[in-house]
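Visitor: Please see the structure below; I have some questions.
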Amino acid sequence: MQTMYFQCPRGIKNRLLPCLLLAILGSPMGVLAQELDEDTNEKEWKEISLQIPLAPKAENLVAFYQSGNQSFALDTKSLSVGKDGTIRYTLVSTSSTGAKNISYEGLRCETGEKKLYAFGRADGTWSRSRRNQWDAISSTDFNKQHITLALEYFCEGKTIAGKAEQIVGRMARNQPMKSY
């Protein structure tokens, strides 16, 4: 970083504040502030490209939440922690009558958000979701499976609670980090 010297223009010598502001903006501190701001903008979050996993198999499912007549399980083979800070996983919801819903989803601890990427079909293929946005995870709505994953297995505050293997291990042992 080079040192810059500033001299107030003649017309504003009697106006101290404008002169000081110009001096600061032209000074090394002003340049440093601009560089820090540019670094912050460059580190803006960007989602990595999506790799949809194979359809889940019954032997890889770990149950983690029961809600009335609905039970939820996670496919341990699909769970991954991306370089973008997103935990991706396949969720299997089964009703008491045996109806299944399969979805491939993402969860971000840093922002407390979830995203639906695709729906599983009976033949093992996927149908991509038309909705391409992140939604806040809520503990007040009827779908508490996401808050359960976040608080009990995936997140410690705003950070991811370990690597994929550690998360899968906690789930397989039915060992939540904390209850709410």
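Labeling convention for the structure tokens: chains A, B, ... as they appear, residues from 1 per chain, ligands from 1 in order of appearance.
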I'd like the contact shell of segment 108-121 of chain A - 6 Å cut-off, only C-alpha atoms, skipping same-chain residues fewer than 6 positions apart - returned as a list in words.

Guide: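 Contacts, with the query itself left out: Thr86, Ile102, Ser127, Arg128, Ser129, Trp134, Asp135, Ala136, Ile137, Cys155, Lys158 and Thr159 of chain A.
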
Visitor: Do you know which residues are at most 9 Å from Ser95 of chain A counting only C-alpha atoms, after dropping those on the same chain fewer than 4 positions away, and could you put them as a PyMOL selection string?

Guide: chain A and resi 69-72+99-101

Visitor: Take the residues that were just selected and, keeping C-alpha atoms, output them as a compact mmCIF listing (two decimals), in the first residue's frame.

Guide:
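Saved file out21.txt follows:
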# COMPACT_ATOMS: atom_id res chain seq x y z
CA ASN A 69 -49.26 -39.87 12.27
CA GLN A 70 -46.05 -38.93 10.40
CA SER A 71 -42.53 -40.26 10.95
CA PHE A 72 -39.35 -38.83 9.46
CA ALA A 99 -47.65 -43.35 2.18
CA LYS A 100 -44.12 -42.04 1.57
CA ASN A 101 -42.81 -38.66 0.50

Visitor: So how far away is atom CA of Ser67 of chain A from atom CA of Lys144 of chain A, in Å?

Guide: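 So the two atoms, atom CA of Lys144 of chain A and atom CA of Ser67 of chain A, lie 8.1 Å apart.
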
Visitor: Skipping near chain neighbours, those fewer than 3 positions away, what residues fall within 10 Å of Ala161 of chain A using only C-alpha atoms, listed as an MDAnalysis selection string?

Guide: chainID A and resid 109 150:158 164 166:167 177

Visitor: Now that the selection is made, can you save its residues with C-alpha atoms as a CSV table (one decimal), in the first residue's frame?

Guide:
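So the final result, stored in selection.csv, reads:
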chain,number,residue,atom,x,y,z
A,109,CYS,CA,-26.9,-23.4,9.9
A,150,ALA,CA,-31.0,-28.2,12.9
A,151,LEU,CA,-31.0,-28.1,16.7
A,152,GLU,CA,-30.4,-31.7,17.6
A,153,TYR,CA,-28.1,-33.0,14.9
A,154,PHE,CA,-26.8,-30.5,12.3
A,155,CYS,CA,-26.0,-27.1,14.0
A,156,GLU,CA,-24.2,-25.6,17.0
A,157,GLY,CA,-25.5,-22.1,16.9
A,158,LYS,CA,-24.7,-20.8,13.4
A,164,ALA,CA,-20.9,-35.5,7.7
A,166,GLN,CA,-20.0,-37.2,12.8
A,167,ILE,CA,-23.6,-36.1,12.1
A,177,MET,CA,-26.8,-32.7,20.9

Visitor: Tell me, as a ChimeraX atom specification, which residues lie within 12 Å of Arg88 of chain A, counting only C-alpha atoms; anything in the same chain fewer than 3 positions away does not count.

Guide: /A:47-53,74-85,91,103-109,114-118,149-150,154,160,164,167

Visitor: Print the selection's residues with C-alpha atoms to a file, as an mmCIF file, in the first residue's frame.

Guide:
data_model
loop_
_atom_site.group_PDB
_atom_site.id
_atom_site.type_symbol
_atom_site.label_atom_id
_atom_site.label_comp_id
_atom_site.auth_asym_id
_atom_site.auth_seq_id
_atom_site.Cartn_x
_atom_site.Cartn_y
_atom_site.Cartn_z
ATOM 1 C CA GLU A 47 -24.248 -22.002 -3.572
ATOM 2 C CA ILE A 48 -22.238 -24.841 -5.114
ATOM 3 C CA SER A 49 -23.651 -26.853 -8.006
ATOM 4 C CA LEU A 50 -26.104 -29.535 -7.016
ATOM 5 C CA GLN A 51 -25.440 -33.269 -7.238
ATOM 6 C CA ILE A 52 -28.676 -35.196 -6.583
ATOM 7 C CA PRO A 53 -27.972 -38.568 -4.903
ATOM 8 C CA LEU A 74 -32.879 -39.394 6.877
ATOM 9 C CA ASP A 75 -30.907 -41.333 4.275
ATOM 10 C CA THR A 76 -27.427 -41.503 5.807
ATOM 11 C CA LYS A 77 -25.765 -42.220 2.445
ATOM 12 C CA SER A 78 -27.076 -38.938 1.013
ATOM 13 C CA LEU A 79 -25.929 -36.619 3.816
ATOM 14 C CA SER A 80 -23.131 -34.273 2.783
ATOM 15 C CA VAL A 81 -21.587 -31.059 4.041
ATOM 16 C CA GLY A 82 -20.807 -28.779 1.112
ATOM 17 C CA LYS A 83 -17.954 -26.290 0.831
ATOM 18 C CA ASP A 84 -20.665 -23.632 0.700
ATOM 19 C CA GLY A 85 -21.740 -24.467 4.265
ATOM 20 C CA LEU A 91 -35.629 -36.891 3.815
ATOM 21 C CA SER A 103 -37.338 -35.087 -0.832
ATOM 22 C CA TYR A 104 -33.770 -33.944 -1.353
ATOM 23 C CA GLU A 105 -33.124 -30.848 0.744
ATOM 24 C CA GLY A 106 -30.495 -28.451 2.014
ATOM 25 C CA LEU A 107 -30.102 -26.716 5.363
ATOM 26 C CA ARG A 108 -27.842 -23.779 6.264
ATOM 27 C CA CYS A 109 -26.915 -23.363 9.928
ATOM 28 C CA LYS A 114 -33.813 -24.722 4.347
ATOM 29 C CA LYS A 115 -34.294 -25.419 0.670
ATOM 30 C CA LEU A 116 -36.125 -28.123 -1.266
ATOM 31 C CA TYR A 117 -34.152 -29.324 -4.292
ATOM 32 C CA ALA A 118 -36.117 -32.321 -5.593
ATOM 33 C CA LEU A 149 -32.488 -31.668 12.399
ATOM 34 C CA ALA A 150 -30.977 -28.212 12.918
ATOM 35 C CA PHE A 154 -26.768 -30.456 12.350
ATOM 36 C CA ILE A 160 -22.171 -26.938 11.336
ATOM 37 C CA ALA A 164 -20.935 -35.549 7.656
ATOM 38 C CA ILE A 167 -23.566 -36.063 12.088
#

Visitor: Which of segment 23-174 of chain A end up as strand (DSSP E or B) when DSSP is run on this backbone - answer as a PyMOL selection string?

Guide: chain A and resi 61-67+70-81+86-95+100-108+113-120+126-128+135-136+155-156+159-160

Visitor: In Å, how far is it from atom CA of Ser138 of chain A to atom CA of Arg170 of chain A?

Guide: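 Pair atom CA of Ser138 of chain A / atom CA of Arg170 of chain A returns 22.6 Å.
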